[in-house]
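Quick look at my_file.cif (mmCIF, C-alpha atoms):
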data_structure
loop_
_atom_site.group_PDB
_atom_site.id
_atom_site.type_symbol
_atom_site.label_atom_id
_atom_site.label_comp_id
_atom_site.auth_asym_id
_atom_site.auth_seq_id
_atom_site.Cartn_x
_atom_site.Cartn_y
_atom_site.Cartn_z
ATOM 1 C CA MET A 26 124.865 112.203 125.522
ATOM 2 C CA LYS A 27 126.964 114.032 128.070
ATOM 3 C CA GLU A 28 126.196 116.560 130.783
ATOM 4 C CA ILE A 29 127.634 120.046 130.285
ATOM 5 C CA ASP A 30 127.758 123.327 132.183
ATOM 6 C CA ILE A 31 124.610 125.434 131.656
ATOM 7 C CA ARG A 32 126.915 128.315 130.640
ATOM 8 C CA ASN A 33 128.226 126.303 127.681
ATOM 9 C CA VAL A 34 124.891 125.776 125.908
ATOM 10 C CA SER A 35 125.293 128.870 123.731
ATOM 11 C CA ASP A 36 125.983 132.593 123.969
ATOM 12 C CA PHE A 37 123.749 133.167 126.989
ATOM 13 C CA PHE A 38 124.638 134.860 130.268
ATOM 14 C CA ILE A 39 122.844 133.947 133.503
ATOM 15 C CA GLY A 40 122.836 135.923 136.729
ATOM 16 C CA GLN A 41 120.976 135.673 140.032
ATOM 17 C CA THR A 42 120.449 137.918 143.012
ATOM 18 C CA GLU A 43 118.289 137.701 146.092
ATOM 19 C CA ASP A 44 117.070 139.527 149.197
ATOM 20 C CA ASN A 45 117.221 137.063 152.049
ATOM 21 C CA THR A 46 115.458 139.414 154.474
ATOM 22 C CA GLY A 47 112.258 138.848 152.498
ATOM 23 C CA THR A 48 113.248 135.514 150.915
ATOM 24 C CA THR A 49 112.782 136.570 147.311
ATOM 25 C CA GLY A 50 114.979 137.013 144.267
ATOM 26 C CA CYS A 51 115.475 137.325 140.537
ATOM 27 C CA THR A 52 117.180 135.274 137.815
ATOM 28 C CA VAL A 53 118.144 136.880 134.489
ATOM 29 C CA ILE A 54 119.279 135.397 131.179
ATOM 30 C CA LEU A 55 120.849 137.743 128.615
ATOM 31 C CA SER A 56 121.640 137.427 124.905
ATOM 32 C CA LYS A 57 123.892 140.119 123.458
ATOM 33 C CA GLU A 58 122.878 139.551 119.832
ATOM 34 C CA GLY A 59 119.299 138.617 120.633
ATOM 35 C CA ALA A 60 117.792 135.135 120.561
ATOM 36 C CA VAL A 61 114.766 133.655 118.835
ATOM 37 C CA ALA A 62 112.416 132.816 121.696
ATOM 38 C CA GLY A 63 109.145 131.093 122.485
ATOM 39 C CA VAL A 64 106.789 130.756 125.434
ATOM 40 C CA ASP A 65 103.982 128.513 126.630
ATOM 41 C CA VAL A 66 101.743 129.307 129.612
ATOM 42 C CA ARG A 67 99.951 126.305 131.116
ATOM 43 C CA GLY A 68 98.952 127.259 134.649
ATOM 44 C CA GLY A 69 95.673 128.917 135.574
ATOM 45 C CA ALA A 70 97.190 131.838 137.513
ATOM 46 C CA PRO A 71 100.085 133.254 135.460
ATOM 47 C CA GLY A 72 101.975 136.503 135.869
ATOM 48 C CA THR A 73 103.937 137.438 132.756
ATOM 49 C CA ARG A 74 105.417 140.299 130.750
ATOM 50 C CA GLU A 75 105.752 140.655 126.945
ATOM 51 C CA THR A 76 104.422 137.180 126.146
ATOM 52 C CA ASP A 77 102.031 138.493 123.480
ATOM 53 C CA LEU A 78 105.006 139.925 121.633
ATOM 54 C CA MET A 79 106.420 136.384 121.419
ATOM 55 C CA ARG A 80 103.432 134.989 119.525
ATOM 56 C CA SER A 81 104.505 133.505 116.202
ATOM 57 C CA GLU A 82 102.552 135.985 114.064
ATOM 58 C CA ASN A 83 103.903 139.132 115.743
ATOM 59 C CA MET A 84 106.724 141.263 114.368
ATOM 60 C CA VAL A 85 109.656 141.156 116.791
ATOM 61 C CA GLN A 86 111.692 137.999 116.218
ATOM 62 C CA LYS A 87 114.278 138.104 119.006
ATOM 63 C CA VAL A 88 114.554 138.870 122.716
ATOM 64 C CA HIS A 89 117.608 140.350 124.412
ATOM 65 C CA GLY A 90 116.944 139.303 127.974
ATOM 66 C CA LEU A 91 114.536 137.291 130.033
ATOM 67 C CA PHE A 92 113.797 137.323 133.749
ATOM 68 C CA LEU A 93 112.279 135.006 136.327
ATOM 69 C CA ALA A 94 111.327 136.642 139.619
ATOM 70 C CA GLY A 95 109.458 136.276 142.868
ATOM 71 C CA GLY A 96 107.149 138.899 144.307
ATOM 72 C CA SER A 97 103.949 138.006 142.479
ATOM 73 C CA ALA A 98 102.837 140.736 140.027
ATOM 74 C CA TYR A 99 105.015 143.259 141.862
ATOM 75 C CA GLY A 100 108.059 141.316 140.701
ATOM 76 C CA LEU A 101 107.342 142.155 137.063
ATOM 77 C CA SER A 102 109.023 145.501 137.719
ATOM 78 C CA ALA A 103 112.360 143.633 137.710
ATOM 79 C CA GLY A 104 112.081 143.639 133.923
ATOM 80 C CA SER A 105 112.497 147.428 133.869
ATOM 81 C CA GLY A 106 115.863 147.078 135.571
ATOM 82 C CA VAL A 107 116.999 144.499 133.029
ATOM 83 C CA MET A 108 115.925 146.864 130.238
ATOM 84 C CA GLN A 109 117.903 149.689 131.809
ATOM 85 C CA TRP A 110 121.067 147.608 132.011
ATOM 86 C CA LEU A 111 120.714 146.478 128.389
ATOM 87 C CA GLU A 112 120.026 150.017 127.176
ATOM 88 C CA GLU A 113 123.163 151.273 128.933
ATOM 89 C CA HIS A 114 125.093 148.635 127.003
ATOM 90 C CA HIS A 115 123.446 149.523 123.660
ATOM 91 C CA ILE A 116 121.624 146.208 123.325
ATOM 92 C CA GLY A 117 118.108 146.138 121.918
ATOM 93 C CA PHE A 118 115.722 146.256 118.975
ATOM 94 C CA GLU A 119 116.686 149.023 116.571
ATOM 95 C CA THR A 120 113.903 151.598 116.224
ATOM 96 C CA GLY A 121 115.878 154.610 114.959
ATOM 97 C CA PRO A 122 116.070 157.044 117.882
ATOM 98 C CA VAL A 123 116.779 154.301 120.425
ATOM 99 C CA LYS A 124 117.442 150.599 120.777
ATOM 100 C CA VAL A 125 114.588 149.046 122.734
ATOM 101 C CA PRO A 126 115.603 145.949 124.737
ATOM 102 C CA ILE A 127 113.017 143.172 124.441
ATOM 103 C CA VAL A 128 112.726 141.562 127.886
ATOM 104 C CA PRO A 129 109.916 139.075 128.574
ATOM 105 C CA GLY A 130 109.563 137.491 131.984
ATOM 106 C CA ALA A 131 107.422 135.637 134.476
ATOM 107 C CA ILE A 132 106.887 135.739 138.216
ATOM 108 C CA LEU A 133 106.011 133.342 141.008
ATOM 109 C CA TYR A 134 104.325 134.018 144.324
ATOM 110 C CA ASP A 135 106.778 133.941 147.244
ATOM 111 C CA ILE A 136 105.648 136.922 149.326
ATOM 112 C CA ASP A 137 106.688 136.458 152.955
ATOM 113 C CA PRO A 138 103.694 137.209 155.249
ATOM 114 C CA SER A 139 106.056 138.738 157.815
ATOM 115 C CA ARG A 140 107.730 141.033 155.235
ATOM 116 C CA PRO A 141 105.186 141.548 152.454
ATOM 117 C CA ALA A 142 106.792 144.758 151.185
ATOM 118 C CA VAL A 143 110.037 142.986 150.207
ATOM 119 C CA ARG A 144 109.878 141.982 146.527
ATOM 120 C CA PRO A 145 112.016 142.096 143.406
ATOM 121 C CA ASP A 146 112.110 145.562 141.855
ATOM 122 C CA ALA A 147 113.914 147.345 139.023
ATOM 123 C CA ALA A 148 117.088 147.630 141.120
ATOM 124 C CA MET A 149 117.152 143.867 141.676
ATOM 125 C CA GLY A 150 116.579 143.200 137.976
ATOM 126 C CA TYR A 151 119.421 145.572 137.102
ATOM 127 C CA GLU A 152 121.758 143.858 139.571
ATOM 128 C CA ALA A 153 120.908 140.378 138.269
ATOM 129 C CA ALA A 154 121.639 141.580 134.716
ATOM 130 C CA ARG A 155 124.959 143.042 135.831
ATOM 131 C CA ILE A 156 125.902 139.775 137.512
ATOM 132 C CA ALA A 157 124.822 137.801 134.432
ATOM 133 C CA TRP A 158 127.336 139.659 132.266
ATOM 134 C CA GLU A 159 130.097 138.412 134.557
ATOM 135 C CA ASN A 160 128.999 134.846 133.661
ATOM 136 C CA PRO A 161 129.370 133.304 137.151
ATOM 137 C CA PRO A 162 128.755 129.611 137.918
ATOM 138 C CA PHE A 163 125.065 128.836 138.356
ATOM 139 C CA SER A 164 123.901 128.020 141.888
ATOM 140 C CA ASN A 165 121.069 125.534 142.427
ATOM 141 C CA GLY A 166 118.787 125.791 145.436
ATOM 142 C CA ARG A 167 117.612 128.851 147.354
ATOM 143 C CA TYR A 168 118.939 131.446 144.931
ATOM 144 C CA GLY A 169 117.508 133.930 142.445
ATOM 145 C CA ALA A 170 113.871 133.312 141.603
ATOM 146 C CA GLY A 171 113.944 130.190 143.780
ATOM 147 C CA THR A 172 114.936 131.969 147.007
ATOM 148 C CA GLY A 173 111.479 131.993 148.578
ATOM 149 C CA ALA A 174 109.958 129.094 146.664
ATOM 150 C CA THR A 175 107.879 126.444 148.448
ATOM 151 C CA VAL A 176 106.146 123.239 147.342
ATOM 152 C CA GLY A 177 103.212 121.149 148.534
ATOM 153 C CA LYS A 178 100.803 123.830 149.752
ATOM 154 C CA LEU A 179 97.429 122.099 149.862
ATOM 155 C CA PHE A 180 97.240 122.657 153.647
ATOM 156 C CA GLY A 181 99.134 125.960 153.699
ATOM 157 C CA ARG A 182 102.737 126.904 154.385
ATOM 158 C CA GLU A 183 102.977 124.980 157.651
ATOM 159 C CA ASN A 184 102.758 121.644 155.813
ATOM 160 C CA SER A 185 104.801 122.708 152.782
ATOM 161 C CA MET A 186 108.523 122.362 152.090
ATOM 162 C CA LYS A 187 111.160 124.670 150.673
ATOM 163 C CA GLY A 188 111.513 124.806 146.896
ATOM 164 C CA GLY A 189 114.291 126.388 144.873
ATOM 165 C CA ILE A 190 115.805 126.851 141.437
ATOM 166 C CA GLY A 191 117.619 124.169 139.471
ATOM 167 C CA SER A 192 119.585 123.874 136.249
ATOM 168 C CA TYR A 193 120.640 121.028 134.013
ATOM 169 C CA ALA A 194 122.329 120.948 130.592
ATOM 170 C CA PHE A 195 123.521 118.220 128.277
ATOM 171 C CA GLN A 196 124.697 117.597 124.720
ATOM 172 C CA SER A 197 123.816 115.058 122.043
ATOM 173 C CA GLY A 198 126.026 115.296 118.979
ATOM 174 C CA LYS A 199 126.287 118.999 118.208
ATOM 175 C CA VAL A 200 122.972 119.884 119.865
ATOM 176 C CA LYS A 201 123.077 121.415 123.344
ATOM 177 C CA VAL A 202 120.075 121.889 125.614
ATOM 178 C CA GLY A 203 119.781 123.305 129.115
ATOM 179 C CA ALA A 204 116.997 124.294 131.479
ATOM 180 C CA VAL A 205 116.685 126.706 134.405
ATOM 181 C CA ILE A 206 113.550 126.074 136.486
ATOM 182 C CA ALA A 207 112.278 127.864 139.616
ATOM 183 C CA VAL A 208 110.095 125.325 141.446
ATOM 184 C CA ASN A 209 107.307 126.859 143.530
ATOM 185 C CA CYS A 210 104.465 124.441 142.878
ATOM 186 C CA PHE A 211 101.139 123.702 144.533
ATOM 187 C CA GLY A 212 101.764 119.971 144.126
ATOM 188 C CA ASP A 213 104.531 117.561 145.099
ATOM 189 C CA VAL A 214 107.875 117.035 143.348
ATOM 190 C CA VAL A 215 108.472 113.425 142.316
ATOM 191 C CA ASP A 216 111.625 111.844 140.885
ATOM 192 C CA PRO A 217 110.269 110.121 137.739
ATOM 193 C CA GLY A 218 113.143 107.656 137.728
ATOM 194 C CA THR A 219 112.294 106.194 141.133
ATOM 195 C CA GLY A 220 108.768 107.428 141.900
ATOM 196 C CA ARG A 221 110.130 108.862 145.157
ATOM 197 C CA ILE A 222 108.625 112.120 146.451
ATOM 198 C CA VAL A 223 111.482 114.595 146.690
ATOM 199 C CA ALA A 224 109.503 117.378 148.359
ATOM 200 C CA GLY A 225 105.884 118.243 148.957
ATOM 201 C CA LEU A 226 102.904 118.154 151.271
ATOM 202 C CA HIS A 227 103.865 116.527 154.552
ATOM 203 C CA LYS A 228 102.732 116.031 158.138
ATOM 204 C CA ASN A 229 104.438 114.322 161.077
ATOM 205 C CA GLY A 230 107.327 113.249 158.858
ATOM 206 C CA GLU A 231 105.181 111.621 156.171
ATOM 207 C CA PHE A 232 104.327 112.767 152.659
ATOM 208 C CA LEU A 233 100.572 113.054 152.183
ATOM 209 C CA ARG A 234 100.508 112.925 148.348
ATOM 210 C CA THR A 235 98.684 116.019 147.141
ATOM 211 C CA GLU A 236 97.309 114.428 143.982
ATOM 212 C CA THR A 237 95.790 111.460 145.817
ATOM 213 C CA HIS A 238 94.316 113.674 148.534
ATOM 214 C CA LEU A 239 92.683 115.941 145.959
ATOM 215 C CA MET A 240 91.076 113.031 144.128
ATOM 216 C CA ASN A 241 89.853 111.360 147.303
ATOM 217 C CA ASN A 242 88.285 114.568 148.609
ATOM 218 C CA VAL A 243 87.117 116.241 145.409
ATOM 219 C CA SER A 244 83.531 116.668 146.631
ATOM 220 C CA THR A 245 84.357 117.966 150.111
ATOM 221 C CA ALA A 246 87.583 119.964 149.729
ATOM 222 C CA PRO A 247 87.522 123.786 149.874
ATOM 223 C CA VAL A 248 87.600 125.686 146.593
ATOM 224 C CA THR A 249 91.216 125.533 145.419
ATOM 225 C CA ASP A 250 91.380 129.092 144.134
ATOM 226 C CA SER A 251 91.782 130.106 147.779
ATOM 227 C CA PHE A 252 95.314 128.657 147.869
ATOM 228 C CA GLN A 253 98.165 131.102 147.397
ATOM 229 C CA GLY A 254 101.871 130.917 146.850
ATOM 230 C CA ASN A 255 102.353 128.830 143.712
ATOM 231 C CA THR A 256 103.778 128.739 140.154
ATOM 232 C CA THR A 257 106.768 127.075 138.488
ATOM 233 C CA ILE A 258 108.593 129.155 135.881
ATOM 234 C CA GLY A 259 111.664 128.596 133.767
ATOM 235 C CA VAL A 260 113.538 128.795 130.502
ATOM 236 C CA LEU A 261 114.837 126.183 128.069
ATOM 237 C CA LEU A 262 118.136 127.182 126.420
ATOM 238 C CA THR A 263 119.548 125.579 123.276
ATOM 239 C CA ASN A 264 122.028 126.200 120.465
ATOM 240 C CA ALA A 265 119.512 124.825 117.953
ATOM 241 C CA SER A 266 118.277 126.956 115.040
ATOM 242 C CA LEU A 267 114.500 127.321 115.044
ATOM 243 C CA HIS A 268 111.890 129.646 113.605
ATOM 244 C CA LYS A 269 109.747 131.573 116.068
ATOM 245 C CA SER A 270 106.778 129.214 115.577
ATOM 246 C CA GLU A 271 109.015 126.215 116.307
ATOM 247 C CA ALA A 272 110.404 127.984 119.383
ATOM 248 C CA ASN A 273 106.872 128.388 120.725
ATOM 249 C CA LYS A 274 106.098 124.737 120.037
ATOM 250 C CA LEU A 275 109.273 123.667 121.821
ATOM 251 C CA ALA A 276 108.179 125.665 124.865
ATOM 252 C CA SER A 277 104.939 123.691 124.810
ATOM 253 C CA ILE A 278 106.748 120.367 124.543
ATOM 254 C CA SER A 279 109.096 121.353 127.375
ATOM 255 C CA HIS A 280 106.151 121.320 129.786
ATOM 256 C CA ASN A 281 106.260 117.518 129.575
ATOM 257 C CA GLY A 282 109.198 117.766 131.961
ATOM 258 C CA LEU A 283 107.016 119.537 134.527
ATOM 259 C CA ALA A 284 104.218 117.001 134.106
ATOM 260 C CA ARG A 285 106.645 114.161 134.847
ATOM 261 C CA THR A 286 108.034 115.711 138.018
ATOM 262 C CA ILE A 287 105.245 117.825 139.567
ATOM 263 C CA ARG A 288 102.023 116.153 140.683
ATOM 264 C CA PRO A 289 99.619 117.699 140.002
ATOM 265 C CA SER A 290 101.126 120.196 137.571
ATOM 266 C CA HIS A 291 99.523 123.073 135.635
ATOM 267 C CA THR A 292 96.769 123.509 138.205
ATOM 268 C CA TYR A 293 94.193 126.267 138.471
ATOM 269 C CA VAL A 294 96.301 127.927 141.175
ATOM 270 C CA ASP A 295 99.698 127.606 139.436
ATOM 271 C CA GLY A 296 100.894 130.024 136.770
ATOM 272 C CA ASP A 297 103.318 127.559 135.154
ATOM 273 C CA THR A 298 105.201 129.282 132.332
ATOM 274 C CA LEU A 299 108.174 128.087 130.275
ATOM 275 C CA PHE A 300 110.222 130.120 127.810
ATOM 276 C CA THR A 301 112.737 128.997 125.195
ATOM 277 C CA MET A 302 115.785 130.871 123.892
ATOM 278 C CA HIS A 303 117.709 129.672 120.839
ATOM 279 C CA GLY A 304 121.347 130.252 119.928
ATOM 280 C CA ASP A 305 120.857 129.709 116.167
ATOM 281 C CA GLU A 306 123.957 127.562 115.703
ATOM 282 C CA VAL A 307 122.876 124.023 114.779
ATOM 283 C CA ALA A 308 120.123 122.582 112.574
ATOM 284 C CA CYS A 309 118.429 119.554 114.108
ATOM 285 C CA ASP A 310 115.348 117.346 114.198
ATOM 286 C CA VAL A 311 112.675 119.163 116.214
ATOM 287 C CA ASN A 312 111.215 115.920 117.564
ATOM 288 C CA GLY A 313 114.547 114.894 119.018
ATOM 289 C CA LEU A 314 115.054 118.403 120.354
ATOM 290 C CA GLY A 315 111.664 118.208 122.075
ATOM 291 C CA ALA A 316 112.654 114.980 123.797
ATOM 292 C CA MET A 317 115.885 116.600 124.976
ATOM 293 C CA ALA A 318 114.007 119.686 126.178
ATOM 294 C CA ALA A 319 111.540 117.753 128.312
ATOM 295 C CA PHE A 320 114.369 115.693 129.809
ATOM 296 C CA ALA A 321 116.390 118.816 130.662
ATOM 297 C CA VAL A 322 113.369 120.407 132.386
ATOM 298 C CA GLU A 323 112.748 117.190 134.322
ATOM 299 C CA LYS A 324 116.344 117.056 135.561
ATOM 300 C CA ALA A 325 116.429 120.783 136.396
ATOM 301 C CA VAL A 326 113.338 120.431 138.606
ATOM 302 C CA ILE A 327 115.018 117.668 140.619
ATOM 303 C CA ARG A 328 118.297 119.616 140.784
ATOM 304 C CA ALA A 329 116.485 122.433 142.588
ATOM 305 C CA PHE A 330 116.474 120.134 145.642
ATOM 306 C CA GLU A 331 119.984 118.690 145.354
ATOM 307 C CA HIS A 332 121.886 121.207 147.455
#

Using structure tokens, write down the structure that the file contains.
Amino acid sequence: MKEIDIRNVSDFFIGQTEDNTGTTGCTVILSKEGAVAGVDVRGGAPGTRETDLMRSENMVQKVHGLFLAGGSAYGLSAGSGVMQWLEEHHIGFETGPVKVPIVPGAILYDIDPSRPAVRPDAAMGYEAARIAWENPPFSNGRYGAGTGATVGKLFGRENSMKGGIGSYAFQSGKVKVGAVIAVNCFGDVVDPGTGRIVAGLHKNGEFLRTETHLMNNVSTAPVTDSFQGNTTIGVLLTNASLHKSEANKLASISHNGLARTIRPSHTYVDGDTLFTMHGDEVACDVNGLGAMAAFAVEKAVIRAFEH
């Protein structure tokens, strides 16, 4: 196995833009010819667009773009900007009178209490799509959908730490896999290789271990649906050829990477959502591909903090 540039996984184009006055942003992945795609939603508080269309039994087989954005449900409007850019470039699902771009997406909650009106909108989605077509190097950290991300929010923002967005890609034989993950979780981020907490709930310079605190105080803690500001979202990219049902299953398997690195993951107050996009170039064993997918997600989560 060898590490590769996320841009070399297949014919995908990734762009990011942000508004640092309100610490929010948008990340867009485009596919000119369309890509077979899947999705799996695990968190209890998701915000998504067009995920029903991606169910295995439904008609449309390919997506043309995908977005990850901040702004809570307001950020879903970024998808309209991505659609506009794709329509202007004659990319979409052929319906006769028009080509309709298929653009699923997911959002995380990063609304700045001091500037709550600043969120991703259609203009930001359009700009991220425009940048994606230029195929720039991917930036890990406080960029795109990870601009306003935070982690470890059991006791609120004052005891949390900054999150971000991370990417990782590698190749085994002819199979290439990469992940882009915006980390904005309720829990802590842990390096599974060392067990070290990378970021999370802290006080007076010490990590407090969210998972342990929750278990020790389960009968006395406040109701956790009162906590705001969570959700980890991302996309798994590969050049592997899969049917739509397999793409959805791979999205499910990819969540293993979140479970290894975020503790606790998939909580009632997270909207954890992972997509997959497939380049349809190489046949492979789906079990091996699943192992690669989970590993890529795991590494991308950690990369969000290596900047």

Using all atoms listed in the file, can you tell me which of A:Val311, A:Leu226, A:Ala103, A:Met26 comes closest to Gly169 of chain A?
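Among A:Val311, A:Leu226, A:Ala103, A:Met26, it is A:Ala103 that comes nearest to Gly169 of chain A.
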
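For the choices A:Lys199, A:Arg67, A:Lys178, A:His280, the atom-to-atom distance to Val307 of chain A is smallest for A:Lys199 when using only C-alpha atoms.
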
Spell out the residues picked by the PyMOL selection byres ((chain A and resi 278) around 10) here, as a ChimeraX atom specification.
/A:65,272-277,279-282,299,312,314-319

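Of the residues under consideration (A:Thr52, A:Thr237, A:Gln41, A:Thr76), A:Thr76 shows the shortest atom-to-atom contact distance to Phe300 of chain A when counting all atoms listed in the file.
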
Could you tell me which residues the PyMOL selection byres ((chain A and resi 78) around 12) grabs in this file, written as number ranges by chain?
A: 61-64, 73-77, 79-88, 127-130, 269, 273

List the spatial neighbours of Asn160 of chain A as a compact mmCIF listing (two decimals) with C-alpha atoms, in the frame of the given file - criterion: any atom at most 8 Å away, all atoms listed in the file, same-chain residues fewer than 5 positions off excluded.
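Ended up saving to out.txt:
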# COMPACT_ATOMS: atom_id res chain seq x y z
CA ARG A 32 126.92 128.32 130.64
CA PHE A 38 124.64 134.86 130.27
CA ILE A 39 122.84 133.95 133.50
CA GLY A 40 122.84 135.92 136.73

In terms of the shortest atom-to-atom distance over only C-alpha atoms, which of A:Ala131, A:Met149, A:Val34, A:Ala174 is closest to Val66 of chain A?
A:Ala131

Which residue gives the smallest distance to Leu261 of chain A among A:Glu231, A:Glu119, A:Glu323, A:Glu28, with all atoms listed in the file counted?
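Selected residue with least distance to Leu261 of chain A: A:Glu323.
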
Can you measure atom CA of Pro217 of chain A to atom CA of Asp295 of chain A for me? One decimal in Å is fine.
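Atom-to-atom, atom CA of Pro217 of chain A to atom CA of Asp295 of chain A, that is 20.5 Å.
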
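When all atoms listed in the file are used to compute distances to His303 of chain A, the closest of the residues A:Ile54, A:Ile327, A:Leu93, A:Met186 turns out to be A:Ile54.
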
Evaluate the PyMOL selection byres ((chain A and resi 195) around 9) here and jot the selected residues down as number ranges by chain.
A: 26-31, 34, 193-194, 196-197, 200-203, 317, 321

To one decimal in Å, tell me the separation between atom CA of Arg288 of chain A and atom CA of Asn184 of chain A.
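Pair atom CA of Arg288 of chain A / atom CA of Asn184 of chain A returns 16.1 Å.
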
List as an NGL selection string: which residues have an atom within 8 Å of (120.0, 145.5, 124.6), counting all atoms listed in the file?
:A and (57 or 59 or 89-90 or 108 or 110-118 or 124-127)

From (104.1, 116.9, 154.1), in the file's coordinates, out to 10 Å: which residues are reached, counting all atoms listed in the file? Answer as a tab-separated table (two decimals) with C-alpha atoms, in the coordinates of the input.
chain	number	residue	atom	x	y	z
A	176	VAL	CA	106.15	123.24	147.34
A	177	GLY	CA	103.21	121.15	148.53
A	178	LYS	CA	100.80	123.83	149.75
A	179	LEU	CA	97.43	122.10	149.86
A	180	PHE	CA	97.24	122.66	153.65
A	183	GLU	CA	102.98	124.98	157.65
A	184	ASN	CA	102.76	121.64	155.81
A	185	SER	CA	104.80	122.71	152.78
A	186	MET	CA	108.52	122.36	152.09
A	213	ASP	CA	104.53	117.56	145.10
A	224	ALA	CA	109.50	117.38	148.36
A	225	GLY	CA	105.88	118.24	148.96
A	226	LEU	CA	102.90	118.15	151.27
A	227	HIS	CA	103.86	116.53	154.55
A	228	LYS	CA	102.73	116.03	158.14
A	229	ASN	CA	104.44	114.32	161.08
A	230	GLY	CA	107.33	113.25	158.86
A	231	GLU	CA	105.18	111.62	156.17
A	232	PHE	CA	104.33	112.77	152.66
A	233	LEU	CA	100.57	113.05	152.18
A	234	ARG	CA	100.51	112.92	148.35
A	235	THR	CA	98.68	116.02	147.14

Is it possible to dump segment 216-234 of chain A as a CSV table (one decimal), in the first residue's frame, including just N, CA and C atoms?
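That gives us selection34.csv:
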chain,number,residue,atom,x,y,z
A,216,ASP,N,-6.5,9.0,18.6
A,216,ASP,CA,-5.7,8.3,17.6
A,216,ASP,C,-5.8,6.8,18.0
A,217,PRO,N,-6.3,5.9,17.1
A,217,PRO,CA,-6.5,4.5,17.4
A,217,PRO,C,-5.2,3.8,17.5
A,218,GLY,N,-4.1,4.3,16.9
A,218,GLY,CA,-2.8,3.7,16.9
A,218,GLY,C,-2.1,3.8,18.2
A,219,THR,N,-2.4,4.9,19.0
A,219,THR,CA,-1.7,5.1,20.2
A,219,THR,C,-2.7,5.2,21.4
A,220,GLY,N,-3.9,5.4,21.1
A,220,GLY,CA,-4.9,5.6,22.2
A,220,GLY,C,-4.9,7.0,22.8
A,221,ARG,N,-4.0,7.9,22.2
A,221,ARG,CA,-3.9,9.3,22.6
A,221,ARG,C,-5.1,10.1,22.2
A,222,ILE,N,-5.6,11.0,23.1
A,222,ILE,CA,-6.7,11.9,22.7
A,222,ILE,C,-6.0,13.0,21.9
A,223,VAL,N,-6.5,13.2,20.7
A,223,VAL,CA,-6.0,14.3,19.8
A,223,VAL,C,-6.6,15.6,20.1
A,224,ALA,N,-7.9,15.6,20.4
A,224,ALA,CA,-8.7,16.8,20.7
A,224,ALA,C,-10.0,16.4,21.3
A,225,GLY,N,-10.5,17.3,22.2
A,225,GLY,CA,-11.8,16.9,22.8
A,225,GLY,C,-12.1,17.8,24.1
A,226,LEU,N,-12.9,17.3,24.9
A,226,LEU,CA,-13.3,17.9,26.1
A,226,LEU,C,-12.2,18.1,27.0
A,227,HIS,N,-11.9,19.4,27.5
A,227,HIS,CA,-10.8,19.6,28.3
A,227,HIS,C,-11.1,20.7,29.3
A,228,LYS,N,-10.3,20.7,30.4
A,228,LYS,CA,-10.4,21.7,31.4
A,228,LYS,C,-9.1,21.8,32.2
A,229,ASN,N,-8.6,23.1,32.3
A,229,ASN,CA,-7.3,23.3,33.0
A,229,ASN,C,-6.2,22.5,32.4
A,230,GLY,N,-6.2,22.3,31.1
A,230,GLY,CA,-5.1,21.7,30.4
A,230,GLY,C,-5.2,20.1,30.4
A,231,GLU,N,-6.2,19.6,30.9
A,231,GLU,CA,-6.4,18.1,30.9
A,231,GLU,C,-7.6,17.7,30.2
A,232,PHE,N,-7.5,16.6,29.5
A,232,PHE,CA,-8.7,16.0,28.8
A,232,PHE,C,-9.5,15.3,29.8
A,233,LEU,N,-10.8,15.5,29.7
A,233,LEU,CA,-11.8,14.9,30.7
A,233,LEU,C,-12.4,13.6,30.2
A,234,ARG,N,-12.2,13.2,29.0
A,234,ARG,CA,-12.7,11.9,28.5
A,234,ARG,C,-14.3,11.9,28.5
